[in-house]
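Next comes structure_5.cif, a file with mmCIF, C-alpha atoms and all ligand atoms.
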data_work
#
loop_
_atom_site.label_atom_id
_atom_site.label_comp_id
_atom_site.auth_asym_id
_atom_site.auth_seq_id
_atom_site.Cartn_x
_atom_site.Cartn_y
_atom_site.Cartn_z
CA MET A 222 -47.81 -18.04 -1.68
CA GLY A 223 -50.76 -15.69 -1.49
CA LEU A 224 -50.29 -12.20 -2.83
CA VAL A 225 -46.70 -10.96 -2.83
CA LEU A 226 -45.50 -7.49 -3.80
CA ARG A 227 -41.74 -7.19 -4.16
CA ASN A 228 -40.17 -3.74 -4.23
CA VAL A 229 -43.02 -2.26 -6.21
CA THR A 230 -42.66 1.33 -7.38
CA LYS A 231 -45.00 3.36 -9.56
CA ARG A 232 -44.00 6.69 -11.00
CA PHE A 233 -46.20 9.05 -12.96
CA GLY A 234 -43.58 11.22 -14.67
CA SER A 235 -41.38 12.52 -11.88
CA PHE A 236 -44.03 11.85 -9.20
CA THR A 237 -43.67 8.64 -7.18
CA ALA A 238 -47.14 7.36 -6.21
CA VAL A 239 -45.95 4.03 -4.76
CA ASP A 240 -42.41 3.77 -3.45
CA ASN A 241 -40.62 0.41 -3.15
CA LEU A 242 -43.59 -1.34 -1.55
CA LYS A 243 -42.97 -4.77 -0.03
CA LEU A 244 -46.05 -6.64 1.07
CA GLU A 245 -47.29 -10.17 1.65
CA VAL A 246 -50.96 -10.92 1.99
CA PRO A 247 -51.58 -14.36 3.48
CA VAL A 248 -54.21 -16.50 1.76
CA LYS A 249 -57.76 -16.84 3.11
CA GLU A 250 -57.48 -13.68 5.12
CA ILE A 251 -58.97 -10.18 5.03
CA PHE A 252 -56.16 -7.66 4.69
CA GLY A 253 -56.78 -3.95 5.35
CA PHE A 254 -55.14 -1.39 3.12
CA LEU A 255 -55.39 2.09 4.60
CA GLY A 256 -54.03 5.52 3.96
CA ALA A 257 -55.03 9.13 3.54
CA ASN A 258 -56.35 10.40 0.22
CA GLY A 259 -53.65 10.08 -2.41
CA ALA A 260 -51.53 7.62 -0.37
CA GLY A 261 -51.34 5.17 -3.29
CA LYS A 262 -54.02 2.55 -2.49
CA THR A 263 -55.95 2.58 -5.75
CA THR A 264 -52.71 2.74 -7.75
CA THR A 265 -51.49 -0.36 -5.88
CA PHE A 266 -54.76 -2.21 -6.50
CA ARG A 267 -54.61 -1.39 -10.20
CA MET A 268 -51.08 -2.73 -10.38
CA VAL A 269 -52.04 -5.89 -8.46
CA LEU A 270 -54.82 -6.46 -11.01
CA GLY A 271 -52.52 -5.89 -13.96
CA LEU A 272 -54.57 -2.86 -15.07
CA LEU A 273 -51.56 -0.61 -14.61
CA ASP A 274 -47.90 -1.51 -15.10
CA GLN A 275 -45.53 -0.99 -12.21
CA THR A 276 -42.40 1.03 -12.96
CA GLU A 277 -40.29 -1.37 -10.90
CA GLY A 278 -40.73 -4.55 -8.89
CA SER A 279 -42.94 -7.62 -9.23
CA ILE A 280 -46.40 -8.68 -8.13
CA LEU A 281 -47.33 -12.33 -7.85
CA TRP A 282 -50.54 -14.14 -6.92
CA ASN A 283 -49.77 -17.75 -6.00
CA GLY A 284 -46.48 -17.42 -7.84
CA LYS A 285 -47.86 -15.90 -11.07
CA ALA A 286 -48.28 -12.40 -12.44
CA VAL A 287 -51.91 -11.28 -12.25
CA ASN A 288 -54.01 -10.24 -15.20
CA TYR A 289 -57.55 -9.27 -14.24
CA GLU A 290 -58.86 -9.45 -17.81
CA THR A 291 -57.72 -13.03 -18.34
CA THR A 292 -57.80 -14.51 -14.83
CA PRO A 293 -61.40 -15.32 -13.82
CA GLU A 294 -60.43 -16.23 -10.25
CA ILE A 295 -60.09 -12.53 -9.39
CA GLY A 296 -62.88 -10.21 -8.27
CA TYR A 297 -62.63 -6.41 -8.17
CA LEU A 298 -64.84 -3.68 -6.78
CA PRO A 299 -63.37 -0.49 -8.27
CA GLU A 300 -63.47 2.83 -6.47
CA GLU A 301 -65.08 4.50 -9.47
CA ARG A 302 -68.15 2.43 -9.88
CA GLY A 303 -68.50 1.27 -13.48
CA LEU A 304 -72.12 0.32 -14.11
CA TYR A 305 -74.07 1.31 -17.23
CA PRO A 306 -76.95 3.60 -16.14
CA LYS A 307 -79.34 2.55 -18.92
CA MET A 308 -78.80 -1.19 -18.47
CA LYS A 309 -81.08 -3.50 -16.50
CA VAL A 310 -79.56 -4.94 -13.31
CA SER A 311 -79.90 -8.55 -14.53
CA ASP A 312 -78.40 -7.73 -17.97
CA GLN A 313 -75.55 -5.84 -16.33
CA ILE A 314 -74.67 -8.70 -13.99
CA VAL A 315 -74.99 -11.29 -16.75
CA TYR A 316 -72.67 -9.23 -18.95
CA LEU A 317 -70.01 -8.77 -16.25
CA ALA A 318 -70.19 -12.31 -14.83
CA ARG A 319 -69.87 -13.86 -18.30
CA LEU A 320 -66.59 -11.99 -18.64
CA ARG A 321 -65.61 -13.81 -15.43
CA GLY A 322 -66.38 -17.16 -17.06
CA MET A 323 -69.86 -17.95 -15.70
CA LYS A 324 -72.83 -19.43 -17.58
CA LYS A 325 -76.01 -17.34 -17.90
CA GLN A 326 -78.21 -19.83 -16.04
CA ASP A 327 -75.81 -19.97 -13.06
CA ILE A 328 -75.48 -16.19 -13.04
CA LEU A 329 -79.26 -15.64 -12.81
CA HIS A 330 -79.54 -18.24 -10.06
CA GLU A 331 -76.74 -16.65 -7.99
CA LEU A 332 -78.09 -13.15 -8.66
CA ASP A 333 -81.48 -14.08 -7.15
CA ILE A 334 -79.73 -15.36 -4.02
CA TRP A 335 -77.67 -12.17 -3.68
CA LEU A 336 -80.59 -9.80 -4.32
CA ASP A 337 -82.67 -11.61 -1.69
CA ARG A 338 -79.79 -11.49 0.74
CA PHE A 339 -79.44 -7.72 0.22
CA ASN A 340 -83.23 -7.24 0.54
CA VAL A 341 -83.65 -5.86 -2.99
CA PRO A 342 -85.18 -8.66 -5.12
CA GLU A 343 -87.44 -6.07 -6.80
CA ASN A 344 -84.39 -4.38 -8.36
CA LYS A 345 -83.61 -7.26 -10.71
CA HIS A 346 -85.50 -5.79 -13.65
CA LYS A 347 -84.88 -2.10 -12.94
CA ASN A 348 -82.39 0.04 -14.80
CA ILE A 349 -79.23 0.91 -12.85
CA GLU A 350 -80.08 4.64 -13.04
CA GLU A 351 -83.36 4.02 -11.18
CA LEU A 352 -81.48 2.75 -8.11
CA SER A 353 -80.20 4.82 -5.18
CA LYS A 354 -76.44 5.17 -4.82
CA GLY A 355 -76.30 2.57 -2.03
CA ASN A 356 -78.38 0.09 -4.02
CA GLN A 357 -76.14 0.58 -7.06
CA GLN A 358 -73.22 -0.23 -4.83
CA LYS A 359 -74.80 -3.52 -3.81
CA ILE A 360 -75.06 -4.41 -7.52
CA GLN A 361 -71.41 -3.50 -8.04
CA PHE A 362 -70.50 -5.66 -5.05
CA ILE A 363 -72.51 -8.59 -6.45
CA ALA A 364 -70.66 -8.15 -9.77
CA ALA A 365 -67.34 -8.44 -7.93
CA VAL A 366 -68.20 -11.60 -5.99
CA ILE A 367 -70.82 -13.55 -7.96
CA HIS A 368 -68.23 -15.85 -9.59
CA LYS A 369 -66.72 -16.80 -6.19
CA PRO A 370 -63.25 -15.34 -6.77
CA LYS A 371 -60.18 -16.69 -5.00
CA LEU A 372 -58.67 -13.20 -4.74
CA LEU A 373 -61.03 -10.31 -4.09
CA ILE A 374 -59.96 -6.66 -4.19
CA LEU A 375 -62.46 -4.21 -2.70
CA ASP A 376 -61.69 -0.50 -3.08
CA GLU A 377 -63.79 1.35 -0.48
CA PRO A 378 -66.60 -1.23 -0.41
CA PHE A 379 -68.60 0.44 2.37
CA SER A 380 -68.49 4.07 1.30
CA GLY A 381 -71.88 5.69 0.78
CA LEU A 382 -73.85 2.93 2.54
CA ASP A 383 -76.20 3.40 5.49
CA PRO A 384 -75.37 1.47 8.69
CA VAL A 385 -77.83 -1.36 7.97
CA ASN A 386 -76.33 -1.92 4.52
CA VAL A 387 -72.79 -1.67 5.86
CA GLU A 388 -73.65 -4.60 8.16
CA LEU A 389 -75.14 -6.59 5.26
CA LEU A 390 -71.99 -6.14 3.17
CA LYS A 391 -69.65 -6.75 6.10
CA ASP A 392 -71.37 -10.04 6.86
CA ALA A 393 -71.06 -11.00 3.21
CA VAL A 394 -67.34 -10.15 3.22
CA LYS A 395 -66.79 -12.29 6.34
CA GLU A 396 -68.66 -15.20 4.80
CA ILE A 397 -66.69 -14.95 1.54
CA LYS A 398 -63.49 -15.08 3.59
CA GLU A 399 -64.76 -18.15 5.48
CA SER A 400 -65.29 -19.86 2.14
CA GLY A 401 -61.53 -19.51 1.48
CA THR A 402 -61.20 -16.27 -0.51
CA THR A 403 -58.26 -13.93 0.06
CA ILE A 404 -59.60 -10.39 0.41
CA VAL A 405 -57.78 -7.06 0.29
CA PHE A 406 -59.86 -3.99 0.98
CA SER A 407 -59.28 -0.30 1.44
CA SER A 408 -61.28 1.86 3.77
CA HIS A 409 -61.17 5.21 5.51
CA ARG A 410 -63.29 3.83 8.33
CA MET A 411 -60.97 2.46 10.99
CA GLU A 412 -63.68 0.59 12.87
CA HIS A 413 -64.43 -1.52 9.77
CA VAL A 414 -60.78 -2.46 9.52
CA GLU A 415 -60.58 -3.28 13.24
CA GLU A 416 -63.58 -5.54 12.92
CA LEU A 417 -62.57 -7.38 9.76
CA CYS A 418 -58.77 -7.60 9.51
CA GLU A 419 -56.02 -9.54 11.22
CA ASN A 420 -53.28 -7.88 9.20
CA LEU A 421 -53.11 -4.42 7.72
CA CYS A 422 -50.98 -1.78 6.11
CA ILE A 423 -51.27 1.98 6.54
CA MET A 424 -49.82 3.78 3.53
CA HIS A 425 -48.47 7.31 3.61
CA LYS A 426 -47.12 8.97 0.50
CA GLY A 427 -46.58 5.67 -1.27
CA THR A 428 -44.88 3.73 1.56
CA PRO A 429 -46.19 1.73 4.51
CA VAL A 430 -45.86 3.54 7.85
CA VAL A 431 -47.60 0.73 9.73
CA LEU A 432 -47.57 -2.89 8.61
CA GLY A 433 -48.39 -6.11 10.40
CA GLU A 434 -50.83 -7.82 12.68
CA LEU A 435 -53.49 -5.57 14.18
CA LYS A 436 -53.04 -6.99 17.70
CA SER A 437 -49.27 -6.49 17.73
CA ILE A 438 -49.56 -3.04 16.16
CA LYS A 439 -51.84 -1.99 19.01
CA ARG A 440 -49.63 -3.56 21.66
CA SER A 441 -46.42 -2.04 20.35
CA PHE A 442 -48.02 1.41 20.10
CA GLY A 443 -47.64 1.50 23.91
CA LYS A 444 -49.99 4.37 24.63
CA LYS A 445 -53.40 3.60 25.96
CA ASN A 446 -56.71 5.38 26.38
CA VAL A 447 -58.56 5.96 29.63
CA SER A 448 -62.25 6.68 29.63
CA ILE A 449 -63.73 8.25 32.79
CA PHE A 450 -67.35 9.03 33.61
CA ALA A 451 -67.77 11.32 36.61
CA ASP A 452 -69.81 14.42 37.44
CA PHE A 453 -67.02 16.46 39.02
CA ASP A 454 -64.43 18.58 37.27
CA LEU A 455 -61.62 16.57 35.63
CA THR A 456 -59.87 19.39 33.78
CA ASP A 457 -56.69 19.27 35.86
CA LEU A 458 -55.99 15.64 34.91
CA LYS A 459 -54.41 17.00 31.74
CA SER A 460 -51.41 18.22 33.74
CA LEU A 461 -50.70 14.87 35.47
CA PRO A 462 -47.42 13.19 34.46
CA GLY A 463 -47.85 10.67 31.64
CA VAL A 464 -51.12 12.18 30.38
CA LEU A 465 -50.56 12.96 26.71
CA LYS A 466 -54.01 14.01 25.53
CA TRP A 467 -57.19 15.15 27.23
CA ARG A 468 -60.61 15.44 25.64
CA LYS A 469 -63.98 16.25 27.18
CA THR A 470 -66.78 13.79 26.42
CA THR A 471 -70.51 14.01 27.18
CA GLU A 472 -70.15 12.05 30.42
CA GLY A 473 -66.61 12.85 31.51
CA VAL A 474 -63.22 12.79 29.82
CA GLN A 475 -61.12 10.62 27.55
CA LEU A 476 -57.36 10.59 28.09
CA GLN A 477 -54.42 9.21 26.19
CA VAL A 478 -51.74 8.05 28.62
CA GLU A 479 -48.19 6.91 27.95
CA SER A 480 -48.40 3.72 30.03
CA GLU A 481 -50.50 1.64 32.41
CA GLY A 482 -48.54 3.20 35.30
CA ALA A 483 -49.74 6.65 34.29
CA ALA A 484 -53.31 5.32 34.21
CA GLU A 485 -52.91 4.06 37.80
CA GLU A 486 -51.85 7.50 38.95
CA VAL A 487 -54.91 9.01 37.26
CA PHE A 488 -57.09 6.38 38.94
CA HIS A 489 -55.83 7.26 42.44
CA GLN A 490 -56.41 10.95 41.80
CA VAL A 491 -59.94 10.45 40.54
CA VAL A 492 -61.27 8.03 43.18
CA SER A 493 -60.08 10.30 45.98
CA ARG A 494 -62.43 13.01 44.72
CA GLY A 495 -65.82 11.33 44.63
CA PHE A 496 -68.03 8.77 42.95
CA VAL A 497 -66.67 7.52 39.61
CA ARG A 498 -69.31 5.94 37.35
CA LYS A 499 -66.75 4.46 34.95
CA PHE A 500 -62.99 4.11 34.77
CA GLU A 501 -61.75 2.05 31.87
CA LEU A 502 -58.29 1.42 30.46
CA GLU A 503 -58.58 0.74 26.74
CA GLU A 504 -56.24 -0.37 23.95
CA PRO A 505 -55.45 2.46 21.54
CA SER A 506 -57.83 2.51 18.60
CA LEU A 507 -56.63 2.18 15.04
CA HIS A 508 -57.94 5.71 14.61
CA ASP A 509 -55.44 6.96 17.25
CA ILE A 510 -52.62 5.08 15.54
CA PHE A 511 -53.58 6.37 12.10
CA ILE A 512 -53.73 9.99 13.30
CA GLU A 513 -50.33 9.71 14.94
CA LYS A 514 -48.61 8.01 12.01
CA VAL A 515 -50.23 9.85 9.15
CA GLY A 516 -50.94 13.17 10.79
CA ALA A 517 -53.95 15.22 11.71
CA SER A 518 -54.45 16.31 8.09
CA TYR A 519 -56.48 13.13 7.65
CA GLU A 520 -60.27 13.61 7.78
N1 LIG B 601 -52.73 8.44 -13.93
C1 LIG B 601 -52.14 9.24 -13.04
N2 LIG B 601 -51.31 10.24 -13.41
C2 LIG B 601 -50.68 11.02 -12.51
N3 LIG B 601 -50.81 10.89 -11.17
C3 LIG B 601 -51.63 9.92 -10.73
C4 LIG B 601 -52.33 9.04 -11.62
N4 LIG B 601 -53.04 8.17 -10.88
C5 LIG B 601 -52.82 8.49 -9.58
N5 LIG B 601 -51.98 9.54 -9.48
C6 LIG B 601 -51.48 10.15 -8.24
O1 LIG B 601 -50.93 9.15 -7.44
C7 LIG B 601 -51.24 9.38 -6.06
C8 LIG B 601 -51.91 8.17 -5.47
O2 LIG B 601 -53.24 8.07 -5.96
P1 LIG B 601 -54.23 6.91 -5.56
O3 LIG B 601 -55.48 7.07 -6.35
O4 LIG B 601 -53.52 5.62 -5.63
O5 LIG B 601 -54.50 7.25 -4.02
P2 LIG B 601 -55.49 6.58 -2.98
O6 LIG B 601 -54.66 6.18 -1.81
O7 LIG B 601 -56.31 5.53 -3.63
O8 LIG B 601 -56.40 7.81 -2.55
P3 LIG B 601 -57.97 7.94 -2.18
O9 LIG B 601 -58.09 7.52 -0.75
O10 LIG B 601 -58.21 9.40 -2.35
O11 LIG B 601 -58.74 7.09 -3.13
C9 LIG B 601 -52.09 10.65 -6.02
O12 LIG B 601 -51.26 11.74 -5.69
C10 LIG B 601 -52.61 10.76 -7.44
O13 LIG B 601 -52.82 12.12 -7.79
#
Produce structure tokens that represent the structure in this file.
Ligand SMILES: Nc1ncnc2c1ncn2[C@@H]1O[C@H](COP(=O)(O)OP(=O)(O)OP(=O)(O)O)[C@@H](O)[C@H]1O
Amino acid sequence: MGLVLRNVTKRFGSFTAVDNLKLEVPVKEIFGFLGANGAGKTTTFRMVLGLLDQTEGSILWNGKAVNYETTPEIGYLPEERGLYPKMKVSDQIVYLARLRGMKKQDILHELDIWLDRFNVPENKHKNIEELSKGNQQKIQFIAAVIHKPKLLILDEPFSGLDPVNVELLKDAVKEIKESGTTIVFSSHRMEHVEELCENLCIMHKGTPVVLGELKSIKRSFGKKNVSIFADFDLTDLKSLPGVLKWRKTTEGVQLQVESEGAAEEVFHQVVSRGFVRKFELEEPSLHDIFIEKVGASYE
């Protein structure tokens, strides 16, 4: 059960945007959907929601085809935000949440709770166009979740938000998951994905290049990072065997090494030279994995 995509392909004319995608999103989990610009994320979301027909394959949510318009248990935060600039926040939310099957009284009650939670109760009676971009995004987020969906699709939910608001929304996403909702979200920020997801998919040109559990993806990547803080010159470490990348940092260097054995060799070299303030062997970051799999063209 959960969300299942079987051999899904989407072509626009002769261009293949999504190519034979096979994916299973377990229920009650946050699933990360990543990829460079144009990789096919939004196209996939639109197909999952039934807003766009796939050319081939099938998409099932708990065994049934999804139709966003007629299935109230789905929530969607679109990448292109779709609020009416001249409409009042409360009218906008009432309008959208009624389409999701809620009663006006319940909507206004839930809206007050959400606006308080996001520290913007004063925005209830303002027009959308009076709000900053980040505050408009909070309203769009509320519109996606106010009816307590069972399946929630968030296309770039944290883009354009300051760090304080990112935390507010992240906490909300975690809480919604705890309440039993299945969440799929796309992001270009690897640290958000590392913090929120157990399973993820990195798309490249319409197909997954990485798919699975975050922990096993990191483990099977093999390479590790070494962070060293020291005040003496560490330039020559780049030519040690097993050192793949070398980068200067403000307090020392950061290396990518091919194995733990290579890190040990670096360690012996460094401690024989003087006082080392920090030597740390770290798992590869999702950022490292993304760059390697998708290429340095990614920003
Ligand atoms: N209606 C359309 N007609 C033709 N090509 C399209 C259409 N919609 C999307 N595409 C193409 O399909 C590819 C995938 O687009 P999509 O919007 O799914 O990417 P994305 O992964 O969401 O990218 P981003 O991170 O930039 O939002 C792109 O090359 C895009 O130009």
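Across A:Gly261, A:Gly322, A:Gly482, A:Gly278, the tightest approach to ligand LIG 601 (chain B) is made by A:Gly261 when counting only C-alpha atoms and all ligand atoms.
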Mind dumping a table of every chain A residue within 9 Å of ligand LIG 601 (chain B), with the nearest atom pair and its distance in Å to one decimal, using all atoms listed in the file, sorted by chain and rising number, as a tab-separated table?
residue	atom	partner	partner_atom	distance
A:Lys231	CA	B:LIG601	O1	8.6
A:Arg232	CA	B:LIG601	N3	8.0
A:Phe233	CA	B:LIG601	C2	4.9
A:Gly234	CA	B:LIG601	C2	7.4
A:Phe236	CA	B:LIG601	N3	7.1
A:Thr237	CA	B:LIG601	O1	7.3
A:Ala238	CA	B:LIG601	O1	4.4
A:Val239	CA	B:LIG601	C8	7.3
A:Leu255	CA	B:LIG601	O6	7.6
A:Gly256	CA	B:LIG601	O6	5.8
A:Ala257	CA	B:LIG601	O9	5.5
A:Asn258	CA	B:LIG601	O10	3.3
A:Gly259	CA	B:LIG601	O5	3.4
A:Ala260	CA	B:LIG601	O6	3.7
A:Gly261	CA	B:LIG601	O4	3.2
A:Lys262	CA	B:LIG601	O6	3.7
A:Thr263	CA	B:LIG601	O7	3.7
A:Thr264	CA	B:LIG601	O4	3.7
A:Thr265	CA	B:LIG601	O4	6.3
A:Phe266	CA	B:LIG601	O4	8.0
A:Arg267	CA	B:LIG601	O4	8.4
A:Glu300	CA	B:LIG601	O11	7.2
A:Asp376	CA	B:LIG601	O7	8.1
A:Glu377	CA	B:LIG601	O11	8.1
A:Ser407	CA	B:LIG601	O9	8.2
A:Ser408	CA	B:LIG601	O9	7.9
A:His409	CA	B:LIG601	O9	7.3
A:Met424	CA	B:LIG601	O6	7.6
A:His425	CA	B:LIG601	O6	8.3
A:Lys426	CA	B:LIG601	C8	7.7
A:Gly427	CA	B:LIG601	C8	7.2
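Computed from the coordinates, the CA of Leu244 in chain A to CA of Phe362 in chain A distance equals 25.2 Å.
Using all atoms listed in the file, the shortest contact distance between Leu273 in chain A and any of A:Val287, A:Leu476, A:Leu382, A:Val431 is found at A:Val287.
Compared by their closest atoms to Tyr289 in chain A, and using all atoms listed in the file, the residues A:Gly271, A:Pro429, A:Pro370, A:Pro247 rank with A:Gly271 nearest.
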Give me, as an MDAnalysis selection string, all polymer residues having an atom no more than 6 Å from range 447-460 of chain A, counting all atoms listed in the file and skipping those fewer than 6 positions away in the same chain.
chainID A and resid 467 472:476 497:503
Can you write out the residues you just picked, keeping C-alpha atoms, as a PDB file, in the coordinates of the input?
ATOM      1  CA  TRP A 467     -57.190  15.150  27.230  1.00  0.00           C
ATOM      2  CA  GLU A 472     -70.150  12.050  30.420  1.00  0.00           C
ATOM      3  CA  GLY A 473     -66.610  12.850  31.510  1.00  0.00           C
ATOM      4  CA  VAL A 474     -63.220  12.790  29.820  1.00  0.00           C
ATOM      5  CA  GLN A 475     -61.120  10.620  27.550  1.00  0.00           C
ATOM      6  CA  LEU A 476     -57.360  10.590  28.090  1.00  0.00           C
ATOM      7  CA  VAL A 497     -66.670   7.520  39.610  1.00  0.00           C
ATOM      8  CA  ARG A 498     -69.310   5.940  37.350  1.00  0.00           C
ATOM      9  CA  LYS A 499     -66.750   4.460  34.950  1.00  0.00           C
ATOM     10  CA  PHE A 500     -62.990   4.110  34.770  1.00  0.00           C
ATOM     11  CA  GLU A 501     -61.750   2.050  31.870  1.00  0.00           C
ATOM     12  CA  LEU A 502     -58.290   1.420  30.460  1.00  0.00           C
ATOM     13  CA  GLU A 503     -58.580   0.740  26.740  1.00  0.00           C
TER      14      GLU A 503
END
Non-local contacts of range 317-321 of chain A (10 Å; only C-alpha atoms; under 5 positions in same chain excluded) as a ChimeraX atom specification
/A:289-296,304,312,327-329,361,363-370
Next, the residues of the selection above should be written as a CSV table (one decimal), in the coordinates of the input with C-alpha atoms.
chain,number,residue,atom,x,y,z
A,289,TYR,CA,-57.6,-9.3,-14.2
A,290,GLU,CA,-58.9,-9.4,-17.8
A,291,THR,CA,-57.7,-13.0,-18.3
A,292,THR,CA,-57.8,-14.5,-14.8
A,293,PRO,CA,-61.4,-15.3,-13.8
A,294,GLU,CA,-60.4,-16.2,-10.2
A,295,ILE,CA,-60.1,-12.5,-9.4
A,296,GLY,CA,-62.9,-10.2,-8.3
A,304,LEU,CA,-72.1,0.3,-14.1
A,312,ASP,CA,-78.4,-7.7,-18.0
A,327,ASP,CA,-75.8,-20.0,-13.1
A,328,ILE,CA,-75.5,-16.2,-13.0
A,329,LEU,CA,-79.3,-15.6,-12.8
A,361,GLN,CA,-71.4,-3.5,-8.0
A,363,ILE,CA,-72.5,-8.6,-6.4
A,364,ALA,CA,-70.7,-8.2,-9.8
A,365,ALA,CA,-67.3,-8.4,-7.9
A,366,VAL,CA,-68.2,-11.6,-6.0
A,367,ILE,CA,-70.8,-13.6,-8.0
A,368,HIS,CA,-68.2,-15.8,-9.6
A,369,LYS,CA,-66.7,-16.8,-6.2
A,370,PRO,CA,-63.2,-15.3,-6.8
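The gap separating CA of Gly433 in chain A from CA of Arg468 in chain A is 29.1 Å, in Å to one decimal.
Going from CA of Ala484 in chain A over to CA of Leu432 in chain A, you cover 27.5 Å.
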As a ChimeraX atom specification, please: the residues near Pro462 in chain A (cut-off 12 Å, all atoms listed in the file, same-chain neighbours under 6 positions excluded).
/A:477-480,482-487,490
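In terms of minimum interatomic distance to Thr403 in chain A, A:Lys371 ranks closest within A:Arg440, A:Lys371, A:Arg494, A:Lys359, counting all atoms listed in the file.
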Near-Leu336 in chain A list (9 Å; only C-alpha atoms; drop same-chain fewer than 6 positions) as a ChimeraX atom specification
/A:342-345,359-360,363
Keeping only C-alpha atoms, take the residues you just selected and write them out as a compact mmCIF listing (two decimals), in the coordinates of the input.
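This went into again_5.txt:
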# COMPACT_ATOMS: atom_id res chain seq x y z
CA PRO A 342 -85.18 -8.66 -5.12
CA GLU A 343 -87.44 -6.07 -6.80
CA ASN A 344 -84.39 -4.38 -8.36
CA LYS A 345 -83.61 -7.26 -10.71
CA LYS A 359 -74.80 -3.52 -3.81
CA ILE A 360 -75.06 -4.41 -7.52
CA ILE A 363 -72.51 -8.59 -6.45
Spatial neighbours of Ile397 in chain A, max dist 10 Å, all atoms listed in the file, sep filter under 3 positions, as number ranges by chain:
A: 249-251, 366, 369-371, 373, 391-394, 400-404
Using only C-alpha atoms, can you tell me which of A:Arg410, A:Arg338, A:Lys469, A:Lys309 comes closest to Leu389 in chain A?
A:Arg338
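Minimum distance to Glu350 in chain A across A:Lys325, A:Lys307, A:His489, A:His508 (counting all atoms listed in the file) occurs at A:Lys307.
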